[in-house]
Amino acid sequence: MSLLDVRDLFVHFPTREGVVRAVDGVSLDIAPGETWCLLGESGCGKSVVALSLLRLLPGSARVRGAIRFENHDVLSIREKEMERLRGGGMAMIFEQPAGYLAPAFTVGEQIVEAARAHTSMAHDQAWEWAMHLLEEVRIPEPAKRARQYPHELSGGMQQRVMIAIALARKPRLLIADEPTTSLDLVMQAQIIELLHETVSRGKCALLLITHDCDVARTLCANTAVMYAGQLLETGTTDAVFTSPRHPYTQALFGALSGSEPHPIPGSAPSMINYPQGCRFQPRCSKSLEQCLHQPPDIREGCRCHLA
């Protein structure tokens, strides 16, 4: 049984220059307890997918397709029901924690507020739960830290607080959007280990949004590779990394191998003006004549005429 079932998701944004097709026909199925990575270069539409799941897109977004979480039709339920689903069913860790933590409230108050949202939990009980969560995310001296404000904490500590807030109502799906960006290498490793422990305890499923291949391999059993608004390859992380089938996946991993990274030639297409055929064709060294004119379907986990 699916925990999250995304089918043919399209997210477009009308602009003066034209329609930005940020997400174009993405489908994804996550079972309870599964760990999935949405992997791709910056600007490919990964974060738009994540925001779609929680219905946090701006009002200008034009969304179609289907998103089902358990027995909820995410795109059609009322906002009050969606508010209950956020945090309780699905919770998100954002890329820049400083931008999402309220500067005028202490860390403890923010965890308490998250824990009590749409529940009957008493304040004292919520405070005890907040102390437990701060310990669980390895914040030293939790009672002291709980009374501090976000600006008094380091970037790594702020990200740990974000994880504690996300776990406050015991979500069944944790969405982590570039959770290690802007952190030093030591702190990155600690956050990765913390997320690994969280999902390993079987507390929730994980959807990781990242451009970092090492993070993907460490945290997730399954990987979906995204490029120019589409999924190009999906499968187990082991299979995708050891035997990549799509030329983009091969080029992406090749660009990151060796002592010095070397970029894929060319650049990603404009989301307003995609190529007529395969979206990777202008950068692909293996393209065929049909790649110029015929968009490939995704078959057995790979969107490529060569598959």
# chains A, B, ... in the order shown; residues from 1 in each chain; ligands from 1
$ closest_atom_pairs --of "segment 63-161 of chain A" --to "segment 175-189 of chain A" --cutoff "10 Å" --atoms "only C-alpha atoms" --output "CSV"
residue,atom,partner,partner_atom,distance
A:Met90,CA,A:Ile175,CA,7.3
A:Ala91,CA,A:Ile175,CA,6.1
A:Met92,CA,A:Ile175,CA,4.5
A:Ile93,CA,A:Ala176,CA,4.7
A:Phe94,CA,A:Asp177,CA,5.3
A:Glu95,CA,A:Glu178,CA,5.1
A:Gln96,CA,A:Thr181,CA,7.6
A:Pro97,CA,A:Pro179,CA,8.8
A:Ser154,CA,A:Leu183,CA,9.6
A:Gly155,CA,A:Leu183,CA,6.8
A:Gly156,CA,A:Met187,CA,5.9
A:Met157,CA,A:Met187,CA,9.0
A:Gln159,CA,A:Pro179,CA,7.5
A:Arg160,CA,A:Pro179,CA,9.8
$ select_by_dssp --residues "segment 19-118 of chain A" --states "alpha helix (DSSP H)" --output "list in words"
Lys46, Ser47, Val48, Val49, Ala50, Leu51, Ser52, Leu53, Glu79, Lys80, Glu81, Met82, Glu83, Arg84, Leu85, Arg86, Gly87, Gly88, Val107, Gly108, Glu109, Gln110, Ile111, Val112, Glu113, Ala114, Ala115 and Arg116 of chain A
$ closest_residue --among "A:Leu75, A:Tyr274, A:Arg172, A:Ile163" --to "Val19 of chain A" --atoms "only C-alpha atoms"
A:Tyr274
$ atom_distance --atom1 "atom CA of Thr35 of chain A" --atom2 "atom CA of Cys220 of chain A"
4.8 Å
$ closest_residue --among "A:Tyr149, A:Trp127, A:Phe253, A:Trp36" --to "Val112 of chain A" --atoms "only C-alpha atoms"
A:Trp127
$ select_by_dssp --residues "segment 92-225 of chain A" --states "strand (DSSP E)" --output "mmCIF file with C-alpha atoms, in the first residue's frame"
data_model
loop_
_atom_site.group_PDB
_atom_site.id
_atom_site.type_symbol
_atom_site.label_atom_id
_atom_site.label_comp_id
_atom_site.auth_asym_id
_atom_site.auth_seq_id
_atom_site.Cartn_x
_atom_site.Cartn_y
_atom_site.Cartn_z
ATOM 1 C CA MET A 92 9.387 19.305 5.765
ATOM 2 C CA ILE A 93 12.927 20.341 6.628
ATOM 3 C CA LEU A 173 6.701 11.166 5.750
ATOM 4 C CA LEU A 174 9.670 13.475 6.285
ATOM 5 C CA ILE A 175 10.639 15.683 3.332
ATOM 6 C CA ALA A 176 14.193 17.034 3.562
ATOM 7 C CA ASP A 177 15.029 19.742 1.015
ATOM 8 C CA ALA A 205 9.475 7.456 5.375
ATOM 9 C CA LEU A 206 11.933 9.925 3.829
ATOM 10 C CA LEU A 207 11.908 11.955 0.628
ATOM 11 C CA LEU A 208 15.291 13.637 0.260
ATOM 12 C CA ILE A 209 15.708 16.508 -2.196
ATOM 13 C CA THR A 210 19.372 16.955 -3.118
ATOM 14 C CA ASN A 222 15.733 4.410 -3.858
ATOM 15 C CA THR A 223 16.616 7.234 -6.236
ATOM 16 C CA ALA A 224 14.730 9.238 -8.860
ATOM 17 C CA VAL A 225 16.911 11.365 -11.152
#
$ residues_around --residues "Val23 of chain A" --least-positions-apart "6" --cutoff "10 Å" --atoms "only C-alpha atoms" --output "list of chain:residue names"
A:Asp8, A:Leu9, A:Phe10, A:Val11, A:His12, A:Phe13, A:Cys44, A:Gly45, A:Lys46, A:Ser47, A:Val48, A:Val49, A:Ser52, A:Val63, A:Met226, A:Tyr227, A:Ala228, A:Gly229, A:Gln230, A:Leu231, A:Met271
$ residues_around --residues "segment 129-137 of chain A" --least-positions-apart "4" --cutoff "9 Å" --atoms "only C-alpha atoms" --output "list in words"
Gly108, Glu109, Ile111, Val112, Ala115, Asp124, Gln125, Glu141, Pro142, Ala143, Arg145, Ala146, Arg160, Val161, Ile163, Ala164, Ile165, Leu167, Ala168, Ile191, Leu194, Leu195 and Thr198 of chain A
